[in-house]
file work-v6.pdb (PDB, C-alpha atoms and all ligand atoms)
ATOM      1  CA  MET A  27      23.575  13.750   6.156
ATOM      2  CA  SER A  28      25.086  16.754   4.452
ATOM      3  CA  ILE A  29      22.397  17.455   1.869
ATOM      4  CA  ILE A  30      19.667  17.332   4.525
ATOM      5  CA  SER A  31      21.534  19.740   6.802
ATOM      6  CA  ASP A  32      22.459  21.918   3.808
ATOM      7  CA  LEU A  33      18.767  22.166   2.983
ATOM      8  CA  ASN A  34      18.012  22.881   6.632
ATOM      9  CA  ILE A  35      15.488  20.066   6.943
ATOM     10  CA  SER A  36      14.417  18.712  10.322
ATOM     11  CA  PRO A  37      12.597  15.438   9.626
ATOM     12  CA  ASP A  38       9.071  15.110  10.996
ATOM     13  CA  LYS A  39       8.498  11.638  12.421
ATOM     14  CA  LYS A  40       4.712  11.940  12.390
ATOM     15  CA  LEU A  41       4.776  12.296   8.609
ATOM     16  CA  GLY A  42       7.002   9.248   8.205
ATOM     17  CA  GLN A  43       9.924  11.349   7.016
ATOM     18  CA  ASN A  44      12.808   8.944   6.496
ATOM     19  CA  PHE A  45      14.653  10.196   3.465
ATOM     20  CA  LEU A  46      16.466   7.882   1.071
ATOM     21  CA  VAL A  47      20.169   8.669   1.160
ATOM     22  CA  ASP A  48      21.533   5.589  -0.603
ATOM     23  CA  LYS A  49      22.052   6.372  -4.298
ATOM     24  CA  ASN A  50      22.397   2.705  -5.140
ATOM     25  CA  ILE A  51      18.937   1.860  -3.767
ATOM     26  CA  ILE A  52      17.398   4.793  -5.630
ATOM     27  CA  GLY A  53      18.922   3.391  -8.835
ATOM     28  CA  VAL A  54      17.695  -0.127  -8.069
ATOM     29  CA  GLU A  55      14.139   1.076  -7.471
ATOM     30  CA  ILE A  56      14.047   3.047 -10.728
ATOM     31  CA  ARG A  57      15.520   0.124 -12.705
ATOM     32  CA  GLU A  58      13.046  -2.316 -11.205
ATOM     33  CA  ALA A  59      10.196  -0.007 -12.198
ATOM     34  CA  ASP A  60      11.574   0.009 -15.743
ATOM     35  CA  VAL A  61      10.759   3.696 -16.178
ATOM     36  CA  SER A  62      11.062   5.001 -19.730
ATOM     37  CA  ASP A  63      10.662   8.357 -21.466
ATOM     38  CA  LYS A  64       7.085   7.351 -22.304
ATOM     39  CA  ASP A  65       6.068   7.078 -18.647
ATOM     40  CA  THR A  66       4.307   9.589 -16.460
ATOM     41  CA  VAL A  67       5.297   8.538 -12.961
ATOM     42  CA  LEU A  68       3.411   9.253  -9.747
ATOM     43  CA  GLU A  69       5.628   9.699  -6.704
ATOM     44  CA  ILE A  70       3.904   9.633  -3.312
ATOM     45  CA  GLY A  71       5.728  11.585  -0.611
ATOM     46  CA  ALA A  72       8.476  13.169  -2.679
ATOM     47  CA  GLY A  73      10.249  14.790   0.261
ATOM     48  CA  TYR A  74      13.087  17.042  -0.903
ATOM     49  CA  GLY A  75      13.379  15.025  -4.082
ATOM     50  CA  ALA A  76      15.990  12.293  -3.530
ATOM     51  CA  LEU A  77      14.023  10.011  -5.840
ATOM     52  CA  THR A  78      12.186  12.713  -7.804
ATOM     53  CA  LEU A  79      15.285  14.207  -9.409
ATOM     54  CA  GLU A  80      16.494  10.789 -10.576
ATOM     55  CA  LEU A  81      13.032   9.838 -11.856
ATOM     56  CA  ALA A  82      12.871  13.109 -13.788
ATOM     57  CA  LYS A  83      15.996  12.069 -15.748
ATOM     58  CA  VAL A  84      14.358   8.948 -17.178
ATOM     59  CA  ALA A  85      10.588   9.594 -17.152
ATOM     60  CA  LYS A  86       8.532  11.698 -19.492
ATOM     61  CA  LYS A  87       6.969  13.390 -16.511
ATOM     62  CA  VAL A  88       6.902  13.029 -12.725
ATOM     63  CA  ILE A  89       3.901  13.952 -10.602
ATOM     64  CA  ALA A  90       5.379  14.492  -7.157
ATOM     65  CA  VAL A  91       2.870  14.625  -4.301
ATOM     66  CA  GLU A  92       4.142  15.951  -0.988
ATOM     67  CA  LEU A  93       2.096  16.911   2.072
ATOM     68  CA  ASP A  94       4.721  18.980   3.881
ATOM     69  CA  SER A  95       4.598  22.485   2.397
ATOM     70  CA  GLU A  96       8.175  23.308   3.456
ATOM     71  CA  LEU A  97       9.504  20.237   1.686
ATOM     72  CA  ALA A  98       7.372  20.948  -1.376
ATOM     73  CA  GLU A  99       8.920  24.410  -1.504
ATOM     74  CA  ILE A 100      12.458  23.068  -1.105
ATOM     75  CA  LEU A 101      11.775  20.607  -3.892
ATOM     76  CA  GLN A 102      10.411  23.353  -6.139
ATOM     77  CA  ASP A 103      13.563  25.441  -5.541
ATOM     78  CA  ARG A 104      15.805  22.494  -6.374
ATOM     79  CA  LEU A 105      13.903  21.860  -9.608
ATOM     80  CA  THR A 106      14.143  25.514 -10.581
ATOM     81  CA  ASP A 107      17.875  25.658  -9.730
ATOM     82  CA  GLN A 108      18.579  22.597 -11.826
ATOM     83  CA  ASN A 109      16.308  23.685 -14.640
ATOM     84  CA  ILE A 110      14.171  20.538 -14.419
ATOM     85  CA  THR A 111      10.860  21.137 -16.146
ATOM     86  CA  ASN A 112       9.153  17.732 -16.283
ATOM     87  CA  VAL A 113       8.110  17.543 -12.625
ATOM     88  CA  GLU A 114       4.706  18.701 -11.404
ATOM     89  CA  ILE A 115       4.555  19.159  -7.648
ATOM     90  CA  ILE A 116       1.214  18.715  -5.962
ATOM     91  CA  GLN A 117       1.355  19.946  -2.395
ATOM     92  CA  GLY A 118      -1.246  18.040  -0.416
ATOM     93  CA  ASP A 119      -2.391  14.764   1.079
ATOM     94  CA  ILE A 120      -2.179  11.880  -1.403
ATOM     95  CA  LEU A 121      -5.412  10.532   0.076
ATOM     96  CA  LYS A 122      -7.255  13.770  -0.675
ATOM     97  CA  VAL A 123      -5.759  15.445  -3.748
ATOM     98  CA  GLU A 124      -7.013  14.861  -7.249
ATOM     99  CA  ILE A 125      -4.414  12.677  -8.929
ATOM    100  CA  PRO A 126      -3.792  13.390 -12.625
ATOM    101  CA  PRO A 127      -3.514  10.414 -15.018
ATOM    102  CA  PHE A 128      -0.243   8.487 -14.702
ATOM    103  CA  ASP A 129       1.318   5.219 -15.916
ATOM    104  CA  LYS A 130       3.341   3.940 -12.968
ATOM    105  CA  CYS A 131       3.851   4.693  -9.318
ATOM    106  CA  VAL A 132       7.395   4.734  -7.943
ATOM    107  CA  ALA A 133       7.837   5.881  -4.373
ATOM    108  CA  ASN A 134       9.378   5.561  -0.954
ATOM    109  CA  ILE A 135       6.046   5.841   0.788
ATOM    110  CA  PRO A 136       5.138   7.447   4.129
ATOM    111  CA  TYR A 137       4.801   4.320   6.247
ATOM    112  CA  GLN A 138       2.006   5.560   8.508
ATOM    113  CA  ILE A 139      -0.461   5.387   5.597
ATOM    114  CA  SER A 140       0.916   2.277   3.842
ATOM    115  CA  SER A 141      -2.399   0.361   3.881
ATOM    116  CA  LYS A 142      -4.313   3.330   2.551
ATOM    117  CA  ILE A 143      -1.767   3.780  -0.245
ATOM    118  CA  VAL A 144      -2.084   0.137  -1.290
ATOM    119  CA  GLU A 145      -5.883   0.537  -1.285
ATOM    120  CA  LEU A 146      -5.572   3.666  -3.403
ATOM    121  CA  LEU A 147      -3.194   2.062  -5.910
ATOM    122  CA  GLY A 148      -5.480  -0.964  -6.041
ATOM    123  CA  ARG A 149      -8.387   1.256  -7.010
ATOM    124  CA  LEU A 150      -6.259   3.040  -9.600
ATOM    125  CA  GLY A 151      -4.922  -0.308 -10.851
ATOM    126  CA  LYS A 152      -1.413   0.848 -11.686
ATOM    127  CA  TYR A 153       1.936  -0.898 -11.820
ATOM    128  CA  SER A 154       3.896   0.191  -8.762
ATOM    129  CA  VAL A 155       7.342  -0.237  -7.280
ATOM    130  CA  LEU A 156       7.407   0.907  -3.682
ATOM    131  CA  ILE A 157       9.783   1.076  -0.782
ATOM    132  CA  MET A 158       7.931   0.289   2.413
ATOM    133  CA  GLN A 159       8.627  -1.045   5.877
ATOM    134  CA  ARG A 160       9.803  -4.642   5.839
ATOM    135  CA  GLU A 161       7.085  -5.850   8.223
ATOM    136  CA  PHE A 162       4.367  -4.330   6.090
ATOM    137  CA  ALA A 163       5.949  -5.785   2.937
ATOM    138  CA  ASP A 164       5.996  -9.232   4.546
ATOM    139  CA  ARG A 165       2.281  -8.935   5.231
ATOM    140  CA  LEU A 166       1.549  -7.789   1.667
ATOM    141  CA  VAL A 167       3.102 -10.854   0.076
ATOM    142  CA  ALA A 168       2.118 -13.454   2.726
ATOM    143  CA  LYS A 169       0.249 -16.504   1.441
ATOM    144  CA  PRO A 170      -2.767 -18.210   3.067
ATOM    145  CA  GLY A 171      -1.764 -20.080   6.208
ATOM    146  CA  GLU A 172       1.465 -18.113   6.706
ATOM    147  CA  LYS A 173       2.049 -16.192   9.908
ATOM    148  CA  ASN A 174       1.826 -12.765   8.293
ATOM    149  CA  TYR A 175      -1.269 -13.488   6.204
ATOM    150  CA  SER A 176      -3.745 -10.725   7.044
ATOM    151  CA  ARG A 177      -6.373  -8.366   5.713
ATOM    152  CA  ILE A 178      -3.779  -6.366   3.801
ATOM    153  CA  SER A 179      -2.428  -9.538   2.114
ATOM    154  CA  VAL A 180      -5.929 -10.244   0.827
ATOM    155  CA  LEU A 181      -6.472  -6.665  -0.249
ATOM    156  CA  ALA A 182      -3.126  -6.545  -2.104
ATOM    157  CA  GLN A 183      -3.608  -9.961  -3.670
ATOM    158  CA  TYR A 184      -7.103  -9.088  -4.805
ATOM    159  CA  HIS A 185      -5.716  -6.212  -6.878
ATOM    160  CA  PHE A 186      -2.143  -7.275  -7.617
ATOM    161  CA  ASP A 187       0.415  -9.990  -8.106
ATOM    162  CA  SER A 188       2.913  -8.745  -5.529
ATOM    163  CA  LYS A 189       6.583  -9.544  -5.443
ATOM    164  CA  PHE A 190       9.159  -8.950  -2.735
ATOM    165  CA  LEU A 191      12.169  -7.675  -4.681
ATOM    166  CA  ARG A 192      14.754  -7.005  -1.994
ATOM    167  CA  LYS A 193      15.441  -5.890   1.502
ATOM    168  CA  VAL A 194      16.567  -2.296   2.090
ATOM    169  CA  GLY A 195      18.647  -1.789   5.220
ATOM    170  CA  ARG A 196      17.707   0.933   7.679
ATOM    171  CA  LYS A 197      21.016   2.717   7.019
ATOM    172  CA  CYS A 198      19.790   3.633   3.526
ATOM    173  CA  PHE A 199      17.637   6.326   5.159
ATOM    174  CA  PHE A 200      18.089   9.456   7.192
ATOM    175  CA  PRO A 201      17.094   9.412   9.936
ATOM    176  CA  ALA A 202      17.617   5.639  10.076
ATOM    177  CA  PRO A 203      14.338   4.008  11.139
ATOM    178  CA  LYS A 204      14.306   1.277  13.787
ATOM    179  CA  ILE A 205      13.425  -1.426  11.293
ATOM    180  CA  ASP A 206      14.456  -2.388   7.777
ATOM    181  CA  SER A 207      12.476  -1.711   4.627
ATOM    182  CA  ALA A 208      11.921  -3.535   1.351
ATOM    183  CA  ILE A 209      11.242  -2.901  -2.325
ATOM    184  CA  ILE A 210       7.951  -4.383  -3.487
ATOM    185  CA  ARG A 211       6.503  -4.643  -6.972
ATOM    186  CA  LEU A 212       2.731  -4.566  -7.486
ATOM    187  CA  LEU A 213       1.560  -5.817 -10.858
ATOM    188  CA  PRO A 214      -2.172  -5.216 -11.477
ATOM    189  CA  LYS A 215      -4.084  -8.470 -11.994
ATOM    190  CA  LYS A 216      -5.685  -8.981 -15.378
ATOM    191  CA  ILE A 217      -8.312 -11.275 -13.897
ATOM    192  CA  LYS A 218      -9.558 -10.570 -10.391
ATOM    193  CA  ALA A 219     -11.488 -12.860  -8.059
ATOM    194  CA  LYS A 220     -15.219 -12.755  -8.809
ATOM    195  CA  VAL A 221     -16.769 -10.221  -6.480
ATOM    196  CA  SER A 222     -20.030  -8.439  -7.277
ATOM    197  CA  ASP A 223     -19.721  -5.723  -4.620
ATOM    198  CA  GLU A 224     -16.127  -4.713  -3.819
ATOM    199  CA  ALA A 225     -17.037  -2.522  -0.856
ATOM    200  CA  PHE A 226     -18.951  -5.398   0.736
ATOM    201  CA  PHE A 227     -16.087  -7.814   0.014
ATOM    202  CA  PHE A 228     -13.551  -5.563   1.750
ATOM    203  CA  LYS A 229     -15.905  -5.126   4.709
ATOM    204  CA  PHE A 230     -16.379  -8.891   4.936
ATOM    205  CA  VAL A 231     -12.614  -9.546   4.759
ATOM    206  CA  ARG A 232     -11.948  -6.906   7.414
ATOM    207  CA  ALA A 233     -14.572  -8.488   9.665
ATOM    208  CA  ALA A 234     -13.305 -12.037   9.134
ATOM    209  CA  PHE A 235      -9.623 -11.199   9.729
ATOM    210  CA  ILE A 236     -10.189  -9.579  13.100
ATOM    211  CA  HIS A 237     -10.529 -13.164  14.341
ATOM    212  CA  LYS A 238      -8.393 -14.820  11.679
ATOM    213  CA  ASN A 239      -7.469 -17.821  13.820
ATOM    214  CA  GLN A 240     -11.125 -18.801  14.212
ATOM    215  CA  LYS A 241     -13.278 -20.815  11.870
ATOM    216  CA  LEU A 242     -15.122 -18.587   9.443
ATOM    217  CA  TRP A 243     -18.554 -18.911  11.083
ATOM    218  CA  LYS A 244     -17.138 -17.991  14.465
ATOM    219  CA  ALA A 245     -15.088 -15.079  13.179
ATOM    220  CA  ILE A 246     -18.175 -13.736  11.449
ATOM    221  CA  SER A 247     -20.308 -14.148  14.573
ATOM    222  CA  HIS A 248     -17.864 -11.825  16.381
ATOM    223  CA  SER A 249     -18.054  -9.081  13.768
ATOM    224  CA  LYS A 250     -21.108  -7.220  15.004
ATOM    225  CA  ARG A 251     -19.495  -3.827  14.694
ATOM    226  CA  GLU A 252     -18.002  -4.310  11.230
ATOM    227  CA  MET A 253     -21.003  -6.083   9.691
ATOM    228  CA  GLU A 254     -23.584  -3.956  11.527
ATOM    229  CA  LEU A 255     -25.751  -6.964  12.390
ATOM    230  CA  ASP A 256     -26.700  -8.735  15.618
ATOM    231  CA  LYS A 257     -24.485 -11.504  16.917
ATOM    232  CA  ASP A 258     -27.254 -14.129  16.688
ATOM    233  CA  VAL A 259     -28.055 -13.165  13.118
ATOM    234  CA  LEU A 260     -24.369 -13.316  12.209
ATOM    235  CA  LYS A 261     -23.937 -16.679  13.903
ATOM    236  CA  LYS A 262     -26.834 -18.130  11.939
ATOM    237  CA  MET A 263     -25.520 -16.681   8.670
ATOM    238  CA  GLY A 264     -22.008 -17.895   9.462
ATOM    239  CA  HIS A 265     -23.249 -21.467   9.766
ATOM    240  CA  GLU A 266     -24.972 -21.224   6.402
ATOM    241  CA  LEU A 267     -21.706 -20.433   4.576
ATOM    242  CA  SER A 268     -20.339 -23.386   2.611
ATOM    243  CA  LEU A 269     -16.846 -22.797   4.096
ATOM    244  CA  ALA A 270     -18.158 -22.203   7.641
ATOM    245  CA  ASP A 271     -15.652 -24.567   9.254
ATOM    246  CA  VAL A 272     -12.535 -23.354   7.463
ATOM    247  CA  ARG A 273     -10.104 -21.241   9.478
ATOM    248  CA  VAL A 274      -9.958 -17.694   8.160
ATOM    249  CA  ARG A 275      -6.153 -17.549   8.155
ATOM    250  CA  THR A 276      -5.989 -20.431   5.653
ATOM    251  CA  MET A 277      -8.525 -19.058   3.174
ATOM    252  CA  ASP A 278      -7.280 -17.952  -0.220
ATOM    253  CA  ILE A 279      -8.751 -15.099  -2.193
ATOM    254  CA  ASP A 280     -11.196 -17.250  -4.155
ATOM    255  CA  GLN A 281     -12.537 -18.886  -1.001
ATOM    256  CA  LEU A 282     -12.976 -15.484   0.603
ATOM    257  CA  ALA A 283     -14.672 -14.109  -2.509
ATOM    258  CA  LYS A 284     -17.034 -17.102  -2.607
ATOM    259  CA  SER A 285     -17.906 -16.681   1.079
ATOM    260  CA  SER A 286     -18.436 -12.962   0.673
ATOM    261  CA  GLU A 287     -20.789 -13.586  -2.261
ATOM    262  CA  GLU A 288     -22.776 -16.064  -0.149
ATOM    263  CA  MET A 289     -22.876 -13.618   2.744
ATOM    264  CA  LEU A 290     -24.080 -10.857   0.449
ATOM    265  CA  VAL A 291     -27.036 -13.026  -0.556
ATOM    266  CA  LEU A 292     -27.788 -13.829   3.105
ATOM    267  CA  VAL A 293     -27.614 -10.182   4.120
ATOM    268  CA  GLY A 294     -29.878  -9.227   1.234
ATOM    269  CA  LYS A 295     -32.550 -11.678   2.382
TER     270      LYS A 295
HETATM  271  N1  LIG A 301      10.629  10.103  -1.197
HETATM  272  C1  LIG A 301      11.412  10.842  -0.241
HETATM  273  C2  LIG A 301      10.703  11.028   1.109
HETATM  274  C3  LIG A 301      10.226   9.753   1.760
HETATM  275  S1  LIG A 301       9.647  10.000   3.403
HETATM  276  C4  LIG A 301      12.748  10.166  -0.036
HETATM  277  O1  LIG A 301      12.821   8.976  -0.297
HETATM  278  O2  LIG A 301      13.688  10.795   0.405
HETATM  279  C5  LIG A 301       7.896  10.084   3.112
HETATM  280  C6  LIG A 301       7.417  11.432   2.608
HETATM  281  O3  LIG A 301       5.988  11.393   2.516
HETATM  282  C7  LIG A 301       7.735  12.602   3.518
HETATM  283  O4  LIG A 301       8.333  13.619   2.763
HETATM  284  C8  LIG A 301       6.382  13.047   4.075
HETATM  285  O5  LIG A 301       6.300  14.431   4.337
HETATM  286  C9  LIG A 301       5.442  12.634   2.954
HETATM  287  N2  LIG A 301       4.048  12.398   3.351
HETATM  288  C10 LIG A 301       3.598  11.954   4.550
HETATM  289  N3  LIG A 301       2.258  11.813   4.532
HETATM  290  C11 LIG A 301       1.851  12.174   3.290
HETATM  291  C12 LIG A 301       0.572  12.255   2.648
HETATM  292  N4  LIG A 301      -0.546  11.924   3.302
HETATM  293  N5  LIG A 301       0.513  12.674   1.361
HETATM  294  C13 LIG A 301       1.652  13.001   0.698
HETATM  295  N6  LIG A 301       2.882  12.957   1.255
HETATM  296  C14 LIG A 301       2.991  12.546   2.524
END

call {"tool": "encode", "arguments": {"input": "work-v6.pdb", "output": "structure tokens", "more": "lines below"}}
Ligand code: SAH
result
Amino acid sequence: MSIISDLNISPDKKLGQNFLVDKNIIGVEIREADVSDKDTVLEIGAGYGALTLELAKVAKKVIAVELDSELAEILQDRLTDQNITNVEIIQGDILKVEIPPFDKCVANIPYQISSKIVELLGRLGKYSVLIMQREFADRLVAKPGEKNYSRISVLAQYHFDSKFLRKVGRKCFFPAPKIDSAIIRLLPKKIKAKVSDEAFFFKFVRAAFIHKNQKLWKAISHSKREMELDKDVLKKMGHELSLADVRVRTMDIDQLAKSSEEMLVLVGK
């Protein structure tokens, strides 16, 4: 790709560096996010700015977070050269830096931390349009009982109404990854499932989904490490849950929230 060789970039696989090189897809993502001149947009993993420079044309401001200091420098030079003044670069790890206030997140995210990014955006509760690996996207939007339904589906659906917008072929990136990607929209939920202790709920869901094909009581009895309780204690508690005999992989968010609330009471006893 000429721009990448012109900029003398050698992509680092460990950091999930697959740069968007398809202008059409960049346009689609920005249109889907409906970015206006009133929006401050957070971009996670800005790279050399393929998306950043286009976002800067339509947004009020772009906060571009990039871990790789060489890329952050290249991006800064490109902004200076093109006299773009509404982009703030934060060089650092998105999971560690302090994130200034923003309205929307639009990004082609580093795939190795996809789950953590969804958790972060869930906590921040912001509208997001993200390009991510297809397999991960399939898991995000999977419904109870479907093959891909997993912990991350529950996590995403607790915070967001998620929508699969379109597939993005691997050739839209350089270097081309081995698998396709997708554009996903995350719309923060106005009303969330009733959960009195979110941290406990996420721990419970993590524990239950390790054995998602089992009935709830059995899955829970196997979660010694996650729940930090003895197997016998967990087995007894599991049987006391009103949905004890339901298979974890078929449970929707409200059923999981209800079970977690019951478990919280049992653990507190
Ligand atoms: N948005 C750019 C780059 C996407 S590749 C484009 O579409 O062309 C993902 C980018 O995320 C890489 O530039 C990588 O260096 C960066 N990255 C990886 N881990 C990161 C982290 N923890 N925090 C911030 N950026 C990260």

call {"tool": "residues_around", "arguments": {"input": "work-v6.pdb", "residues": "region 214-216 of chain A", "least_positions_apart": "6", "cutoff": "9 Å", "atoms": "all atoms listed in the file", "output": "PDB file with C-alpha atoms, in the coordinates of the input"}}
result
ATOM      1  CA  GLY A 148      -5.480  -0.964  -6.041  1.00  0.00           C
ATOM      2  CA  GLY A 151      -4.922  -0.308 -10.851  1.00  0.00           C
ATOM      3  CA  LYS A 152      -1.413   0.848 -11.686  1.00  0.00           C
ATOM      4  CA  TYR A 153       1.936  -0.898 -11.820  1.00  0.00           C
ATOM      5  CA  SER A 154       3.896   0.191  -8.762  1.00  0.00           C
ATOM      6  CA  GLN A 183      -3.608  -9.961  -3.670  1.00  0.00           C
ATOM      7  CA  TYR A 184      -7.103  -9.088  -4.805  1.00  0.00           C
ATOM      8  CA  HIS A 185      -5.716  -6.212  -6.878  1.00  0.00           C
ATOM      9  CA  PHE A 186      -2.143  -7.275  -7.617  1.00  0.00           C
ATOM     10  CA  ASP A 187       0.415  -9.990  -8.106  1.00  0.00           C
ATOM     11  CA  SER A 188       2.913  -8.745  -5.529  1.00  0.00           C
TER      12      SER A 188
END

call {"tool": "residues_around", "arguments": {"input": "work-v6.pdb", "residues": "Ser95 (chain A)", "least_positions_apart": "6", "cutoff": "10 Å", "atoms": "only C-alpha atoms", "output": "list in words"}}
result
Gly73, Leu101, Ile116, Gln117 and Gly118 of chain A

call {"tool": "write_last_selection", "arguments": {"input": "work-v6.pdb", "atoms": "C-alpha atoms", "output": "short mmCIF file (atom, residue, chain, number, x, y, z; two decimals), keeping the file's coordinate frame"}}
result
data_model
loop_
_atom_site.label_atom_id
_atom_site.label_comp_id
_atom_site.auth_asym_id
_atom_site.auth_seq_id
_atom_site.Cartn_x
_atom_site.Cartn_y
_atom_site.Cartn_z
CA GLY A 73 10.25 14.79 0.26
CA LEU A 101 11.78 20.61 -3.89
CA ILE A 116 1.21 18.72 -5.96
CA GLN A 117 1.36 19.95 -2.40
CA GLY A 118 -1.25 18.04 -0.42
#

call {"tool": "closest_residue", "arguments": {"input": "work-v6.pdb", "among": "A:Leu79, A:Val67, A:Ser286, A:Arg211", "to": "Phe128 (chain A)", "atoms": "only C-alpha atoms"}}
result
A:Val67

call {"tool": "closest_residue", "arguments": {"input": "work-v6.pdb", "among": "A:Asn109, A:Val144, A:Val180, A:Cys198", "to": "ligand LIG 301 (chain A)", "atoms": "only C-alpha atoms and all ligand atoms"}}
result
A:Cys198

call {"tool": "residues_near_ligand", "arguments": {"input": "work-v6.pdb", "ligand": "ligand LIG 301 (chain A)", "cutoff": "7 Å", "atoms": "all atoms listed in the file", "output": "PyMOL selection string"}}
result
chain A and resi 41-47+70-77+91-94+97+118-121+133-136+139

call {"tool": "resolve_selection", "arguments": {"input": "work-v6.pdb", "expression": "the PyMOL selection byres (((chain A and resi 169) around 12) and not hetatm)", "output": "PDB file with C-alpha atoms, in the coordinates of the input"}}
result
ATOM      1  CA  ASP A 164       5.996  -9.232   4.546  1.00  0.00           C
ATOM      2  CA  ARG A 165       2.281  -8.935   5.231  1.00  0.00           C
ATOM      3  CA  LEU A 166       1.549  -7.789   1.667  1.00  0.00           C
ATOM      4  CA  VAL A 167       3.102 -10.854   0.076  1.00  0.00           C
ATOM      5  CA  ALA A 168       2.118 -13.454   2.726  1.00  0.00           C
ATOM      6  CA  PRO A 170      -2.767 -18.210   3.067  1.00  0.00           C
ATOM      7  CA  GLY A 171      -1.764 -20.080   6.208  1.00  0.00           C
ATOM      8  CA  GLU A 172       1.465 -18.113   6.706  1.00  0.00           C
ATOM      9  CA  LYS A 173       2.049 -16.192   9.908  1.00  0.00           C
ATOM     10  CA  ASN A 174       1.826 -12.765   8.293  1.00  0.00           C
ATOM     11  CA  TYR A 175      -1.269 -13.488   6.204  1.00  0.00           C
ATOM     12  CA  SER A 176      -3.745 -10.725   7.044  1.00  0.00           C
ATOM     13  CA  ARG A 177      -6.373  -8.366   5.713  1.00  0.00           C
ATOM     14  CA  ILE A 178      -3.779  -6.366   3.801  1.00  0.00           C
ATOM     15  CA  SER A 179      -2.428  -9.538   2.114  1.00  0.00           C
ATOM     16  CA  VAL A 180      -5.929 -10.244   0.827  1.00  0.00           C
ATOM     17  CA  ALA A 182      -3.126  -6.545  -2.104  1.00  0.00           C
ATOM     18  CA  GLN A 183      -3.608  -9.961  -3.670  1.00  0.00           C
ATOM     19  CA  ASP A 187       0.415  -9.990  -8.106  1.00  0.00           C
ATOM     20  CA  SER A 188       2.913  -8.745  -5.529  1.00  0.00           C
ATOM     21  CA  LYS A 189       6.583  -9.544  -5.443  1.00  0.00           C
ATOM     22  CA  ARG A 275      -6.153 -17.549   8.155  1.00  0.00           C
ATOM     23  CA  THR A 276      -5.989 -20.431   5.653  1.00  0.00           C
ATOM     24  CA  MET A 277      -8.525 -19.058   3.174  1.00  0.00           C
ATOM     25  CA  ASP A 278      -7.280 -17.952  -0.220  1.00  0.00           C
ATOM     26  CA  ILE A 279      -8.751 -15.099  -2.193  1.00  0.00           C
TER      27      ILE A 279
END

call {"tool": "residues_around", "arguments": {"input": "work-v6.pdb", "residues": "Ile205 (chain A)", "least_positions_apart": "5", "cutoff": "12 Å", "atoms": "all atoms listed in the file", "output": "PyMOL selection string"}}
result
chain A and resi 44+137+158-162+193-199

call {"tool": "write_last_selection", "arguments": {"input": "work-v6.pdb", "atoms": "C-alpha atoms", "output": "tab-separated table (two decimals), in the frame of the given file"}}
result
chain	number	residue	atom	x	y	z
A	44	ASN	CA	12.81	8.94	6.50
A	137	TYR	CA	4.80	4.32	6.25
A	158	MET	CA	7.93	0.29	2.41
A	159	GLN	CA	8.63	-1.04	5.88
A	160	ARG	CA	9.80	-4.64	5.84
A	161	GLU	CA	7.08	-5.85	8.22
A	162	PHE	CA	4.37	-4.33	6.09
A	193	LYS	CA	15.44	-5.89	1.50
A	194	VAL	CA	16.57	-2.30	2.09
A	195	GLY	CA	18.65	-1.79	5.22
A	196	ARG	CA	17.71	0.93	7.68
A	197	LYS	CA	21.02	2.72	7.02
A	198	CYS	CA	19.79	3.63	3.53
A	199	PHE	CA	17.64	6.33	5.16

call {"tool": "closest_residue", "arguments": {"input": "work-v6.pdb", "among": "A:Ala225, A:Leu156, A:Leu242, A:Ala90", "to": "Ala208 (chain A)", "atoms": "all atoms listed in the file"}}
result
A:Leu156

call {"tool": "resolve_selection", "arguments": {"input": "work-v6.pdb", "expression": "the PyMOL selection byres (((chain A and resi 253-260) around 10) and not hetatm)", "output": "ChimeraX atom specification"}}
result
/A:226,229-230,232-234,243-252,261-266,289,292-293

call {"tool": "residues_near_point", "arguments": {"input": "work-v6.pdb", "point": "(5.8, 22.9, -4.4)", "cutoff": "6 Å", "atoms": "all atoms listed in the file", "output": "VMD selection string"}}
result
chain A and resid 98 to 99 102 115 117

call {"tool": "atom_distance", "arguments": {"input": "work-v6.pdb", "atom1": "CA of Asn112 (chain A)", "atom2": "CA of Val88 (chain A)"}}
result
6.3 Å

call {"tool": "atom_distance", "arguments": {"input": "work-v6.pdb", "atom1": "CA of Ser141 (chain A)", "atom2": "CA of Phe235 (chain A)"}}
result
14.8 Å

call {"tool": "resolve_selection", "arguments": {"input": "work-v6.pdb", "expression": "the PyMOL selection byres (((chain A and resi 219) around 7) and not hetatm)", "output": "PDB file with C-alpha atoms, keeping the file's coordinate frame"}}
result
ATOM      1  CA  TYR A 184      -7.103  -9.088  -4.805  1.00  0.00           C
ATOM      2  CA  ILE A 217      -8.312 -11.275 -13.897  1.00  0.00           C
ATOM      3  CA  LYS A 218      -9.558 -10.570 -10.391  1.00  0.00           C
ATOM      4  CA  LYS A 220     -15.219 -12.755  -8.809  1.00  0.00           C
ATOM      5  CA  VAL A 221     -16.769 -10.221  -6.480  1.00  0.00           C
ATOM      6  CA  ILE A 279      -8.751 -15.099  -2.193  1.00  0.00           C
ATOM      7  CA  ASP A 280     -11.196 -17.250  -4.155  1.00  0.00           C
ATOM      8  CA  ALA A 283     -14.672 -14.109  -2.509  1.00  0.00           C
TER       9      ALA A 283
END

call {"tool": "atom_distance", "arguments": {"input": "work-v6.pdb", "atom1": "CA of Lys130 (chain A)", "atom2": "CA of Lys142 (chain A)"}}
result
17.3 Å

call {"tool": "closest_residue", "arguments": {"input": "work-v6.pdb", "among": "A:Asp271, A:Gln281, A:Lys86, A:Asp48", "to": "Asp65 (chain A)", "atoms": "only C-alpha atoms"}}
result
A:Lys86

call {"tool": "closest_residue", "arguments": {"input": "work-v6.pdb", "among": "A:Ile89, A:Val231, A:Val274, A:Leu181", "to": "Glu145 (chain A)", "atoms": "all atoms listed in the file"}}
result
A:Leu181

call {"tool": "residues_around", "arguments": {"input": "work-v6.pdb", "residues": "Asp60 (chain A)", "least_positions_apart": "3", "cutoff": "12 Å", "atoms": "all atoms listed in the file", "output": "JSON, numbers by chain"}}
result
{"A": [53, 54, 55, 56, 57, 63, 64, 65, 67, 81, 84, 85, 129, 130, 131, 132, 153, 154, 155, 211]}
